[in-house]
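Structure data (TSV, C-alpha atoms) from protein.tsv:
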```
chain	number	residue	atom	x	y	z
A	1	MET	CA	-0.42	51.94	27.62
A	2	LYS	CA	-0.71	49.88	24.48
A	3	LYS	CA	-1.39	46.75	26.46
A	4	ARG	CA	-4.18	48.43	28.35
A	5	THR	CA	-5.88	49.64	25.18
A	6	ILE	CA	-5.88	46.12	23.81
A	7	LEU	CA	-7.23	44.79	27.07
A	8	THR	CA	-10.02	47.35	27.06
A	9	ILE	CA	-10.94	46.58	23.50
A	10	GLY	CA	-10.85	42.87	24.27
A	11	LEU	CA	-13.03	43.32	27.31
A	12	ALA	CA	-15.47	45.44	25.38
A	13	ALA	CA	-15.68	42.81	22.69
A	14	LEU	CA	-16.28	40.12	25.26
A	15	LEU	CA	-19.01	42.13	26.92
A	16	THR	CA	-20.72	42.88	23.62
A	17	ALA	CA	-20.62	39.23	22.72
A	18	GLY	CA	-21.88	38.22	26.13
A	19	PHE	CA	-24.74	40.64	26.39
A	20	GLY	CA	-25.37	40.62	22.69
A	21	SER	CA	-26.97	37.23	22.65
A	22	ALA	CA	-29.81	38.59	24.68
A	23	GLN	CA	-30.39	41.41	22.26
A	24	ALA	CA	-32.63	41.32	19.25
A	25	GLY	CA	-30.73	41.76	16.04
A	26	HIS	CA	-27.76	39.90	17.33
A	27	SER	CA	-28.84	36.62	15.84
A	28	SER	CA	-29.19	38.17	12.42
A	29	LYS	CA	-25.65	39.45	12.81
A	30	LEU	CA	-24.50	35.96	13.69
A	31	LYS	CA	-26.38	34.62	10.72
A	32	ALA	CA	-24.70	37.09	8.40
A	33	ALA	CA	-21.30	36.21	9.82
A	34	TYR	CA	-22.09	32.53	9.37
A	35	GLU	CA	-23.17	33.03	5.79
A	36	LYS	CA	-19.99	34.87	5.01
A	37	GLU	CA	-17.95	32.11	6.61
A	38	LEU	CA	-19.91	29.44	4.76
A	39	ALA	CA	-19.23	31.03	1.38
A	40	HIS	CA	-15.55	31.29	2.27
A	41	ALA	CA	-15.40	27.67	3.43
A	42	LYS	CA	-17.16	26.44	0.30
A	43	ALA	CA	-14.74	28.32	-1.93
A	44	LEU	CA	-11.79	26.75	-0.12
A	45	VAL	CA	-13.29	23.28	-0.52
A	46	GLU	CA	-13.79	23.80	-4.24
A	47	LYS	CA	-10.23	25.00	-4.53
A	48	ALA	CA	-8.94	21.84	-2.84
A	49	ALA	CA	-11.21	19.66	-4.99
A	50	SER	CA	-9.96	21.37	-8.16
A	51	VAL	CA	-6.49	19.92	-7.51
A	52	GLU	CA	-7.79	16.49	-6.38
A	53	GLY	CA	-6.88	17.37	-2.82
A	54	GLU	CA	-10.17	17.15	-0.97
A	55	TRP	CA	-10.10	15.20	2.28
A	56	ARG	CA	-12.58	12.56	3.29
A	57	ASP	CA	-14.50	14.15	6.11
A	58	ILE	CA	-15.37	17.52	4.60
A	59	ARG	CA	-18.55	16.62	2.71
A	60	TRP	CA	-18.31	13.09	1.29
A	61	LYS	CA	-21.72	11.52	1.75
A	62	LYS	CA	-20.47	8.38	3.50
A	63	SER	CA	-18.21	10.18	5.96
A	64	LYS	CA	-19.42	9.94	9.53
A	65	LYS	CA	-18.22	13.47	10.29
A	66	LYS	CA	-19.15	15.41	7.15
A	67	PHE	CA	-18.08	18.72	8.64
A	68	LEU	CA	-19.60	20.93	5.96
A	69	PRO	CA	-23.10	19.41	5.87
A	70	SER	CA	-22.98	19.22	9.68
A	71	ALA	CA	-22.21	22.92	9.87
A	72	ILE	CA	-25.12	23.71	7.61
A	73	ALA	CA	-27.41	21.50	9.70
A	74	ALA	CA	-26.27	23.19	12.92
A	75	ALA	CA	-26.99	26.63	11.45
A	76	LYS	CA	-30.42	25.47	10.34
A	77	ALA	CA	-31.10	24.40	13.91
A	78	GLY	CA	-30.05	27.89	15.05
A	79	ASP	CA	-26.75	26.85	16.62
A	80	TYR	CA	-24.50	29.30	14.81
A	81	LYS	CA	-21.72	28.92	17.30
A	82	LYS	CA	-21.41	25.23	16.54
A	83	ALA	CA	-21.79	25.92	12.83
A	84	MET	CA	-18.91	28.40	12.90
A	85	LYS	CA	-16.73	25.97	14.80
A	86	LEU	CA	-17.36	23.27	12.20
A	87	LEU	CA	-16.71	25.69	9.35
A	88	LYS	CA	-13.32	26.46	10.83
A	89	ILE	CA	-12.50	22.75	10.63
A	90	VAL	CA	-13.73	22.66	7.03
A	91	GLU	CA	-11.52	25.63	6.18
A	92	PHE	CA	-8.50	24.12	7.87
A	93	GLN	CA	-8.90	20.76	6.14
A	94	ALA	CA	-9.57	22.35	2.76
A	95	GLU	CA	-6.51	24.56	3.03
A	96	MET	CA	-4.35	21.64	4.13
A	97	GLY	CA	-5.64	19.50	1.26
A	98	TYR	CA	-4.83	22.21	-1.23
A	99	LYS	CA	-1.36	22.81	0.20
A	100	GLN	CA	-0.71	19.08	0.25
A	101	ALA	CA	-1.63	18.77	-3.43
A	102	MET	CA	0.67	21.68	-4.27
A	103	ALA	CA	3.50	20.13	-2.28
A	104	GLN	CA	2.94	16.84	-4.17
A	105	LYS	CA	3.04	18.39	-7.61
A	106	ASN	CA	6.21	16.57	-8.55
A	107	ALA	CA	5.50	13.30	-6.78
A	108	GLY	CA	6.85	10.26	-8.61
A	109	PRO	CA	8.65	6.95	-8.27
A	110	GLN	CA	11.42	6.52	-5.73
A	111	ASN	CA	13.68	3.67	-4.76
A	112	TYR	CA	12.91	3.61	-1.05
A	113	GLY	CA	16.25	1.98	-0.35
A	114	PHE	CA	15.95	-0.76	-2.97
B	1	MET	CA	33.83	24.73	-32.79
B	2	LYS	CA	30.65	26.64	-32.26
B	3	LYS	CA	28.81	23.92	-34.12
B	4	ILE	CA	30.11	21.28	-31.76
B	5	ALA	CA	29.10	23.32	-28.76
B	6	THR	CA	25.59	23.71	-30.14
B	7	LEU	CA	25.41	20.01	-30.90
B	8	LEU	CA	26.57	19.11	-27.43
B	9	LEU	CA	24.16	21.55	-25.92
B	10	SER	CA	21.19	20.22	-27.84
B	11	ALA	CA	22.20	16.65	-27.04
B	12	GLY	CA	22.35	17.67	-23.42
B	13	LEU	CA	18.91	19.22	-23.61
B	14	VAL	CA	17.45	16.17	-25.29
B	15	ALA	CA	18.98	13.97	-22.63
B	16	MET	CA	17.62	16.22	-19.92
B	17	SER	CA	14.10	16.29	-21.26
B	18	ALA	CA	14.17	12.53	-21.75
B	19	GLN	CA	15.22	12.17	-18.14
B	20	ALA	CA	12.55	14.54	-16.90
B	21	VAL	CA	9.72	12.37	-18.20
B	22	PRO	CA	10.62	8.70	-18.41
B	23	SER	CA	8.65	6.67	-20.93
B	24	PRO	CA	6.01	4.21	-19.72
B	25	GLN	CA	8.43	1.43	-20.71
B	26	GLU	CA	11.10	2.88	-18.44
B	27	ASP	CA	8.59	3.29	-15.64
B	28	LEU	CA	7.56	-0.33	-15.99
B	29	LYS	CA	11.12	-1.54	-15.85
B	30	HIS	CA	11.85	0.54	-12.77
B	31	PHE	CA	8.64	-0.63	-11.08
B	32	ARG	CA	9.36	-4.29	-11.68
B	33	ASP	CA	13.02	-4.07	-10.77
B	34	TYR	CA	12.11	-2.45	-7.49
B	35	PHE	CA	9.82	-5.29	-6.43
B	36	GLN	CA	12.16	-7.95	-7.65
B	37	ARG	CA	14.93	-6.44	-5.55
B	38	LYS	CA	12.60	-6.07	-2.58
B	39	PHE	CA	11.24	-9.62	-2.80
B	40	PRO	CA	14.09	-11.51	-4.41
B	41	GLY	CA	12.66	-14.92	-3.54
B	42	LEU	CA	9.41	-14.39	-5.42
B	43	LYS	CA	8.79	-15.06	-9.09
B	44	LEU	CA	7.01	-12.34	-11.05
B	45	ASP	CA	3.70	-14.20	-11.21
B	46	GLU	CA	3.83	-15.00	-7.49
B	47	LEU	CA	3.60	-11.30	-6.69
B	48	ARG	CA	0.13	-11.02	-8.17
B	49	ASN	CA	-1.17	-13.08	-5.26
B	50	GLY	CA	-0.79	-10.05	-3.05
B	51	ILE	CA	-0.55	-10.70	0.65
B	52	ASN	CA	-1.01	-14.43	-0.01
B	53	ALA	CA	2.40	-14.44	-1.63
B	54	LEU	CA	3.95	-12.89	1.46
B	55	ASP	CA	2.38	-14.63	4.41
B	56	GLU	CA	1.95	-18.36	5.04
B	57	ASN	CA	-1.23	-18.06	7.11
B	58	HIS	CA	-3.00	-15.93	4.56
B	59	ARG	CA	-1.85	-18.25	1.85
B	60	MET	CA	-3.31	-21.33	3.51
B	61	GLN	CA	-6.64	-19.64	4.09
B	62	TRP	CA	-6.69	-18.38	0.55
B	63	GLU	CA	-5.86	-21.77	-0.95
B	64	ALA	CA	-8.67	-23.32	1.06
B	65	MET	CA	-11.10	-20.71	-0.26
B	66	GLU	CA	-9.99	-21.24	-3.83
B	67	GLU	CA	-10.79	-24.98	-3.56
B	68	PHE	CA	-14.49	-24.20	-3.46
B	69	PRO	CA	-14.46	-20.73	-4.91
B	70	PRO	CA	-17.28	-18.61	-3.51
B	71	TYR	CA	-17.29	-16.51	-6.68
B	72	GLU	CA	-18.24	-19.34	-9.02
B	73	GLU	CA	-22.00	-18.76	-8.93
B	74	PHE	CA	-21.44	-15.09	-9.73
B	75	VAL	CA	-19.15	-15.89	-12.62
B	76	ASP	CA	-21.98	-18.11	-13.89
B	77	LYS	CA	-24.38	-15.21	-13.57
B	78	GLY	CA	-21.95	-13.14	-15.62
B	79	LYS	CA	-21.90	-15.83	-18.28
B	80	ALA	CA	-25.70	-15.84	-18.40
B	81	LEU	CA	-25.73	-12.06	-18.81
B	82	TRP	CA	-23.10	-12.28	-21.54
B	83	GLU	CA	-25.24	-14.76	-23.45
B	84	LYS	CA	-28.64	-13.18	-22.87
B	85	PRO	CA	-29.83	-11.16	-25.85
B	86	PHE	CA	-30.78	-7.51	-25.32
B	87	LYS	CA	-34.34	-6.46	-26.10
B	88	ASN	CA	-33.24	-5.42	-29.58
B	89	GLY	CA	-32.00	-8.95	-30.26
B	90	LYS	CA	-28.33	-8.05	-30.11
B	91	SER	CA	-25.98	-9.01	-27.29
B	92	PHE	CA	-22.58	-8.21	-25.76
B	93	ALA	CA	-20.98	-10.26	-28.53
B	94	ASP	CA	-22.07	-7.60	-31.01
B	95	CYS	CA	-19.95	-5.06	-29.14
B	96	PHE	CA	-17.01	-7.21	-28.07
B	97	GLY	CA	-16.81	-10.02	-30.60
B	98	LYS	CA	-18.02	-13.59	-30.25
B	99	ASP	CA	-15.13	-14.99	-28.23
B	100	PRO	CA	-15.48	-14.02	-24.57
B	101	SER	CA	-11.90	-15.12	-23.84
B	102	LYS	CA	-10.50	-12.37	-26.06
B	103	VAL	CA	-12.07	-9.36	-24.36
B	104	ARG	CA	-10.33	-8.82	-21.01
B	105	VAL	CA	-6.83	-8.36	-22.47
B	106	LYS	CA	-7.95	-5.46	-24.63
B	107	TYR	CA	-8.75	-3.28	-21.62
B	108	PRO	CA	-8.11	-0.69	-20.40
B	109	GLN	CA	-7.55	0.83	-23.84
B	110	TRP	CA	-6.94	4.29	-25.23
B	111	ASP	CA	-9.81	5.74	-27.24
B	112	ALA	CA	-8.04	8.08	-29.65
B	113	LYS	CA	-11.26	9.57	-30.99
B	114	LYS	CA	-12.69	10.63	-27.69
B	115	LYS	CA	-9.27	11.07	-26.07
B	116	ARG	CA	-10.02	8.96	-23.03
B	117	VAL	CA	-9.21	5.72	-21.26
B	118	VAL	CA	-11.88	3.07	-21.72
B	119	THR	CA	-11.99	0.43	-19.02
B	120	LEU	CA	-13.71	-2.92	-19.42
B	121	GLU	CA	-16.55	-1.82	-17.16
B	122	LEU	CA	-17.06	1.43	-19.06
B	123	ALA	CA	-17.20	-0.55	-22.31
B	124	ILE	CA	-19.74	-2.97	-20.82
B	125	ASN	CA	-22.09	-0.17	-19.87
B	126	GLU	CA	-21.60	1.74	-23.10
B	127	CYS	CA	-22.52	-1.42	-24.97
B	128	ARG	CA	-25.72	-1.67	-22.96
B	129	LYS	CA	-26.62	1.96	-23.53
B	130	ALA	CA	-25.92	1.73	-27.26
B	131	ASN	CA	-28.41	-1.13	-27.38
B	132	GLY	CA	-31.13	0.61	-25.45
B	133	GLU	CA	-30.50	-1.22	-22.16
B	134	LYS	CA	-30.21	0.42	-18.78
B	135	PRO	CA	-26.55	0.64	-17.69
B	136	PHE	CA	-25.51	-1.42	-14.66
B	137	LYS	CA	-24.43	0.19	-11.41
B	138	TRP	CA	-20.67	0.68	-11.47
B	139	LYS	CA	-19.05	-1.05	-8.52
B	140	LYS	CA	-20.71	-4.38	-7.82
B	141	GLY	CA	-23.50	-6.70	-8.90
B	142	PRO	CA	-24.12	-7.42	-12.61
B	143	ILE	CA	-21.23	-5.30	-13.90
B	144	ALA	CA	-18.80	-7.19	-11.67
B	145	TRP	CA	-20.36	-10.53	-12.71
B	146	VAL	CA	-19.87	-9.84	-16.43
B	147	SER	CA	-16.39	-8.46	-15.84
B	148	ALA	CA	-15.51	-11.47	-13.65
B	149	TYR	CA	-16.77	-13.86	-16.34
B	150	LEU	CA	-14.62	-12.14	-18.97
B	151	GLY	CA	-11.63	-12.23	-16.60
B	152	TYR	CA	-12.25	-15.89	-15.86
B	153	MET	CA	-12.38	-16.72	-19.54
B	154	ALA	CA	-9.08	-14.87	-20.02
B	155	ARG	CA	-7.24	-16.76	-17.27
B	156	GLY	CA	-3.73	-17.67	-18.31
B	157	GLN	CA	-3.37	-14.76	-20.73
B	158	LYS	CA	-1.09	-11.88	-19.93
B	159	ILE	CA	-2.03	-8.30	-19.10
B	160	HIS	CA	-1.23	-6.29	-22.17
B	161	VAL	CA	-2.06	-2.61	-21.87
B	162	VAL	CA	-0.94	-0.48	-24.78
B	163	ILE	CA	-0.01	3.14	-24.14
B	164	PRO	CA	0.15	4.66	-27.60
B	165	ASN	CA	2.75	7.29	-28.36
B	166	ASP	CA	0.08	9.97	-28.49
B	167	PRO	CA	0.43	13.10	-26.36
B	168	ASP	CA	-3.12	12.81	-25.02
B	169	ALA	CA	-2.70	9.15	-24.08
B	170	LEU	CA	0.60	9.95	-22.38
B	171	LYS	CA	-1.06	12.78	-20.52
B	172	ALA	CA	-3.73	10.42	-19.18
B	173	TYR	CA	-1.02	7.94	-18.21
B	174	GLU	CA	1.02	10.64	-16.46
B	175	HIS	CA	-2.09	11.81	-14.63
B	176	GLY	CA	-2.75	8.29	-13.35
B	177	LYS	CA	0.88	7.85	-12.41
B	178	HIS	CA	0.93	11.10	-10.50
B	179	PHE	CA	-2.25	10.15	-8.68
B	180	PHE	CA	-0.58	6.92	-7.61
B	181	TYR	CA	2.52	8.61	-6.20
B	182	ALA	CA	1.03	11.74	-4.66
B	183	LYS	CA	0.34	11.72	-0.94
B	184	ARG	CA	-3.23	12.67	-0.18
B	185	GLY	CA	-5.81	12.78	2.55
B	186	GLN	CA	-5.51	13.51	6.22
B	187	LEU	CA	-3.05	10.63	6.68
B	188	ASN	CA	-0.73	12.11	4.05
B	189	LEU	CA	-0.08	8.76	2.40
B	190	SER	CA	0.13	7.80	-1.26
B	191	CYS	CA	-0.87	4.56	-2.94
B	192	ALA	CA	2.86	4.07	-3.43
B	193	ASP	CA	3.60	4.57	0.27
B	194	CYS	CA	1.40	1.63	1.22
B	195	HIS	CA	1.81	-0.62	-1.83
B	196	VAL	CA	5.39	0.12	-2.91
B	197	LYS	CA	7.39	1.53	-0.03
B	198	TYR	CA	5.70	-0.42	2.78
B	199	ALA	CA	4.61	-3.45	0.72
B	200	GLY	CA	5.12	-6.52	2.88
B	201	ARG	CA	4.85	-4.52	6.10
B	202	ARG	CA	1.89	-4.16	8.41
B	203	ILE	CA	-0.19	-1.08	8.91
B	204	ARG	CA	-2.75	-1.19	11.71
B	205	GLY	CA	-2.73	-4.96	11.64
B	206	ASN	CA	-3.08	-5.19	7.84
B	207	LEU	CA	-0.37	-6.69	5.73
B	208	LEU	CA	0.22	-4.57	2.62
B	209	SER	CA	0.30	-6.12	-0.85
B	210	PRO	CA	2.78	-5.12	-3.56
B	211	ALA	CA	1.24	-3.01	-6.33
B	212	LEU	CA	2.99	-5.14	-8.92
B	213	GLY	CA	0.34	-7.63	-10.04
B	214	HIS	CA	-2.44	-5.83	-8.18
B	215	VAL	CA	-4.85	-5.94	-11.10
B	216	THR	CA	-4.54	-9.51	-12.40
B	217	HIS	CA	-7.41	-10.86	-10.29
B	218	PHE	CA	-9.97	-8.08	-10.61
B	219	PRO	CA	-12.87	-7.98	-10.17
B	220	VAL	CA	-11.97	-9.43	-6.81
B	221	PHE	CA	-14.21	-11.45	-4.48
B	222	ARG	CA	-13.78	-10.16	-0.93
B	223	GLY	CA	-15.01	-11.90	2.17
B	224	LYS	CA	-15.67	-8.50	3.70
B	225	TRP	CA	-17.90	-7.46	0.80
B	226	ALA	CA	-19.67	-10.83	0.80
B	227	ASN	CA	-20.55	-10.35	4.47
B	228	LYS	CA	-21.99	-6.95	3.74
B	229	SER	CA	-24.21	-8.15	0.91
B	230	LYS	CA	-27.53	-9.96	1.30
B	231	ASP	CA	-26.75	-12.87	-1.00
B	232	GLY	CA	-23.06	-13.40	-0.25
B	233	ASP	CA	-21.95	-11.60	-3.40
B	234	GLY	CA	-18.46	-10.36	-2.60
B	235	LEU	CA	-17.45	-9.36	-6.12
B	236	GLY	CA	-16.34	-5.79	-6.66
B	237	THR	CA	-14.59	-3.86	-9.40
B	238	LEU	CA	-11.15	-2.30	-9.29
B	239	HIS	CA	-12.71	1.14	-8.86
B	240	ARG	CA	-14.63	-0.07	-5.84
B	241	ARG	CA	-11.27	-0.99	-4.32
B	242	TYR	CA	-9.78	2.38	-5.31
B	243	GLY	CA	-12.59	4.09	-3.42
B	244	GLY	CA	-11.90	1.97	-0.34
B	245	CYS	CA	-8.20	2.76	-0.39
B	246	ASN	CA	-8.77	6.50	-0.88
B	247	LYS	CA	-11.05	6.32	2.12
B	248	GLN	CA	-8.26	4.69	4.13
B	249	GLN	CA	-6.01	7.61	3.26
B	250	ARG	CA	-8.83	9.81	4.57
B	251	ALA	CA	-9.10	11.39	1.17
B	252	ARG	CA	-12.45	11.85	-0.51
B	253	PRO	CA	-12.99	8.91	-2.88
B	254	PHE	CA	-13.72	9.69	-6.52
B	255	LYS	CA	-16.63	8.23	-8.44
B	256	ALA	CA	-16.16	4.84	-10.05
B	257	GLN	CA	-15.28	5.36	-13.72
B	258	SER	CA	-14.44	9.02	-13.16
B	259	LYS	CA	-11.58	10.32	-15.30
B	260	VAL	CA	-9.25	10.22	-12.30
B	261	TYR	CA	-9.85	6.52	-11.64
B	262	ARG	CA	-9.75	5.56	-15.32
B	263	ASP	CA	-6.40	7.32	-15.69
B	264	LEU	CA	-5.17	5.67	-12.50
B	265	GLU	CA	-6.25	2.30	-13.87
B	266	PHE	CA	-4.38	2.99	-17.14
B	267	PHE	CA	-1.15	3.41	-15.19
B	268	HIS	CA	-1.88	0.76	-12.56
B	269	GLN	CA	-2.74	-1.98	-15.08
B	270	TYR	CA	0.16	-1.05	-17.33
B	271	MET	CA	2.53	-1.65	-14.40
B	272	SER	CA	1.34	-5.28	-14.37
B	273	ASN	CA	1.91	-5.84	-18.08
B	274	GLY	CA	3.22	-9.31	-18.79
B	275	MET	CA	1.67	-10.81	-15.67
B	276	THR	CA	-0.88	-13.59	-15.93
B	277	ILE	CA	-4.58	-12.92	-15.47
B	278	ASN	CA	-6.18	-15.01	-12.70
B	279	ALA	CA	-9.49	-13.26	-12.22
B	280	PRO	CA	-11.50	-13.43	-10.14
B	281	SER	CA	-9.69	-14.32	-6.97
B	282	TYR	CA	-10.57	-14.40	-3.30
B	283	ARG	CA	-9.32	-11.80	-0.81
B	284	GLU	CA	-10.24	-11.10	2.79
```

Take the structure from the file and write it as structure tokens.
Amino acid sequence: MKKRTILTIGLAALLTAGFGSAQAGHSSKLKAAYEKELAHAKALVEKAASVEGEWRDIRWKKSKKKFLPSAIAAAKAGDYKKAMKLLKIVEFQAEMGYKQAMAQKNAGPQNYGF
Amino acid sequence: MKKIATLLLSAGLVAMSAQAVPSPQEDLKHFRDYFQRKFPGLKLDELRNGINALDENHRMQWEAMEEFPPYEEFVDKGKALWEKPFKNGKSFADCFGKDPSKVRVKYPQWDAKKKRVVTLELAINECRKANGEKPFKWKKGPIAWVSAYLGYMARGQKIHVVIPNDPDALKAYEHGKHFFYAKRGQLNLSCADCHVKYAGRRIRGNLLSPALGHVTHFPVFRGKWANKSKDGDGLGTLHRRYGGCNKQQRARPFKAQSKVYRDLEFFHQYMSNGMTINAPSYRE
């Protein structure tokens, strides 16, 4: 019973997504979702940067990947799907960078076997 | 009886807090001892030669380069800049004193008034600004020439960084030290992983230099940087190198002369105290 409900909901969601792209108004929904995601991603990046934990390929100007600027460029070109995918990478890397910095709070000299 | 217990307790607490944050002097001793145990065959001043101290092939190449040093013309340019008066008639000597051989050893230094680490390059540009000149770009070109000239003139003197017993200075030092030991970037490696733990080992084909003595030959002249420049100028500052190494960790590099890098330099140079300056030097 429960399984079937989930399946139905899932199917419905899939269908909406599938047909939705053809509908007017859908792109503005995507845009709103993207904008929300972008704000979230940016906040996570700032949080990582605030503890000196930002990784190289998020937005550094000389990075070849530059996930954040690339996401913004993709959205500008209308490819919100790609933009969202890139934002997910930004969010992952920013969260990892922050966690890493927290885990390294007490880093210091060791003997490394000598 | 109670008194004794209190005494013992407070002694214990003092001992504990002293252990929690070792002094810079203790850090330095630990740092040196580590490398001397790791490379027992090498004298202290040998270690400053980086990978050339560890590998015969590199050493031979390096010695050949140093016979006709490619950095000489840029050191000469630095000398010319040092001597050239500013538009207001003053010159670097008005900021640093007349003797160019006495400048390098004073940096990096703690500026108690502004509560910050002042590196040689920062001082060079602040001198220019104070005299109405445009500051140099931070990582290469004229700033590296002047810095290389001052390093060259100081050859044979020993690194002598002073960390005053001032809570703000110690905070900057601890910040730099932490930056050095903390893993960062997508590769989850610290400066210390590559240049302390794995010093003398290879990582992706690159032999890793010991961090002890890292700073004695900066600004460095790198073949790689010379190839990238139009006029064969391979000189670059210590902060240029920091940026490159942060990039290798896949961490976002910080700006040259940012607080992070100045604090890192405070710690990093202090760890080479007592080692002989041989700037500039050639590296790959």

> Which one of A:Arg56, A:Lys66, A:Lys76, A:Lys88 sits closest to chain B if you count only C-alpha atoms?
Replying inline: A:Arg56

>> Please find the residues of chain A near chain B - the criterion being any atom within 9 Å, counting all atoms listed in the file - and write them as a list in words.
In response: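 So the residues of chain A near chain B are Glu52, Gly53, Glu54, Trp55, Arg56, Asp57, Ile58, Arg59, Trp60, Ser63, Gln93, Met96, Gly97, Gln100, Ala101, Gln104, Lys105, Asn106, Ala107, Gly108, Pro109, Gln110, Asn111, Tyr112, Gly113 and Phe114 of chain A.
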
> Restricting the calculation to only C-alpha atoms, which member of B:Ile51, B:Leu42, B:Tyr149, B:Ala112 is positioned closest to B:Ala80?
Replying inline: B:Tyr149

Padded axis-aligned box of stretch 199-216 of chain B (5 Å per side), centre and edge lengths, Å, one decimal, as JSON:
```
{"center_x": 0.1, "center_y": -5.3, "center_z": -0.3, "size_x": 20.0, "size_y": 18.4, "size_z": 34.1}
```

> Quick one: residues within 12 Å of B:Gln109, only C-alpha atoms counted, chain neighbours fewer than 6 positions away excluded, as number ranges by chain?
Replying inline: B: 103, 115-123, 159-164, 169, 172-173, 262-263, 265-267, 269-270

Once N, CA and C atoms are restored for stretch 98-111 of chain B, what would the output be as a PDB file, in the coordinates of the input?
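Result file follows (result13.pdb):
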```
ATOM      1  N   LYS B  98     -17.351 -12.361 -30.718  1.00  0.00           N
ATOM      2  CA  LYS B  98     -18.020 -13.590 -30.250  1.00  0.00           C
ATOM      3  C   LYS B  98     -17.265 -14.314 -29.161  1.00  0.00           C
ATOM      4  N   ASP B  99     -15.936 -14.183 -29.154  1.00  0.00           N
ATOM      5  CA  ASP B  99     -15.130 -14.990 -28.230  1.00  0.00           C
ATOM      6  C   ASP B  99     -14.907 -14.268 -26.902  1.00  0.00           C
ATOM      7  N   PRO B 100     -15.590 -14.723 -25.853  1.00  0.00           N
ATOM      8  CA  PRO B 100     -15.480 -14.020 -24.570  1.00  0.00           C
ATOM      9  C   PRO B 100     -14.091 -14.126 -23.932  1.00  0.00           C
ATOM     10  N   SER B 101     -13.236 -15.004 -24.440  1.00  0.00           N
ATOM     11  CA  SER B 101     -11.900 -15.120 -23.840  1.00  0.00           C
ATOM     12  C   SER B 101     -10.950 -14.067 -24.400  1.00  0.00           C
ATOM     13  N   LYS B 102     -11.417 -13.332 -25.417  1.00  0.00           N
ATOM     14  CA  LYS B 102     -10.500 -12.370 -26.060  1.00  0.00           C
ATOM     15  C   LYS B 102     -10.796 -10.929 -25.673  1.00  0.00           C
ATOM     16  N   VAL B 103     -11.627 -10.725 -24.679  1.00  0.00           N
ATOM     17  CA  VAL B 103     -12.070  -9.360 -24.360  1.00  0.00           C
ATOM     18  C   VAL B 103     -11.195  -8.710 -23.284  1.00  0.00           C
ATOM     19  N   ARG B 104     -11.009  -9.412 -22.175  1.00  0.00           N
ATOM     20  CA  ARG B 104     -10.330  -8.820 -21.010  1.00  0.00           C
ATOM     21  C   ARG B 104      -8.991  -8.174 -21.348  1.00  0.00           C
ATOM     22  N   VAL B 105      -8.190  -8.852 -22.190  1.00  0.00           N
ATOM     23  CA  VAL B 105      -6.830  -8.360 -22.470  1.00  0.00           C
ATOM     24  C   VAL B 105      -6.810  -7.068 -23.268  1.00  0.00           C
ATOM     25  N   LYS B 106      -7.950  -6.690 -23.832  1.00  0.00           N
ATOM     26  CA  LYS B 106      -7.950  -5.460 -24.630  1.00  0.00           C
ATOM     27  C   LYS B 106      -8.142  -4.211 -23.768  1.00  0.00           C
ATOM     28  N   TYR B 107      -8.429  -4.420 -22.494  1.00  0.00           N
ATOM     29  CA  TYR B 107      -8.750  -3.280 -21.620  1.00  0.00           C
ATOM     30  C   TYR B 107      -7.804  -3.195 -20.439  1.00  0.00           C
ATOM     31  N   PRO B 108      -7.611  -1.973 -19.930  1.00  0.00           N
ATOM     32  CA  PRO B 108      -8.110  -0.690 -20.400  1.00  0.00           C
ATOM     33  C   PRO B 108      -7.425  -0.299 -21.711  1.00  0.00           C
ATOM     34  N   GLN B 109      -8.122   0.435 -22.556  1.00  0.00           N
ATOM     35  CA  GLN B 109      -7.550   0.830 -23.840  1.00  0.00           C
ATOM     36  C   GLN B 109      -7.727   2.326 -24.058  1.00  0.00           C
ATOM     37  N   TRP B 110      -6.866   2.860 -24.905  1.00  0.00           N
ATOM     38  CA  TRP B 110      -6.940   4.290 -25.230  1.00  0.00           C
ATOM     39  C   TRP B 110      -7.906   4.489 -26.378  1.00  0.00           C
ATOM     40  N   ASP B 111      -8.844   5.400 -26.204  1.00  0.00           N
ATOM     41  CA  ASP B 111      -9.810   5.740 -27.240  1.00  0.00           C
ATOM     42  C   ASP B 111      -9.336   7.049 -27.872  1.00  0.00           C
TER      43      ASP B 111
END
```
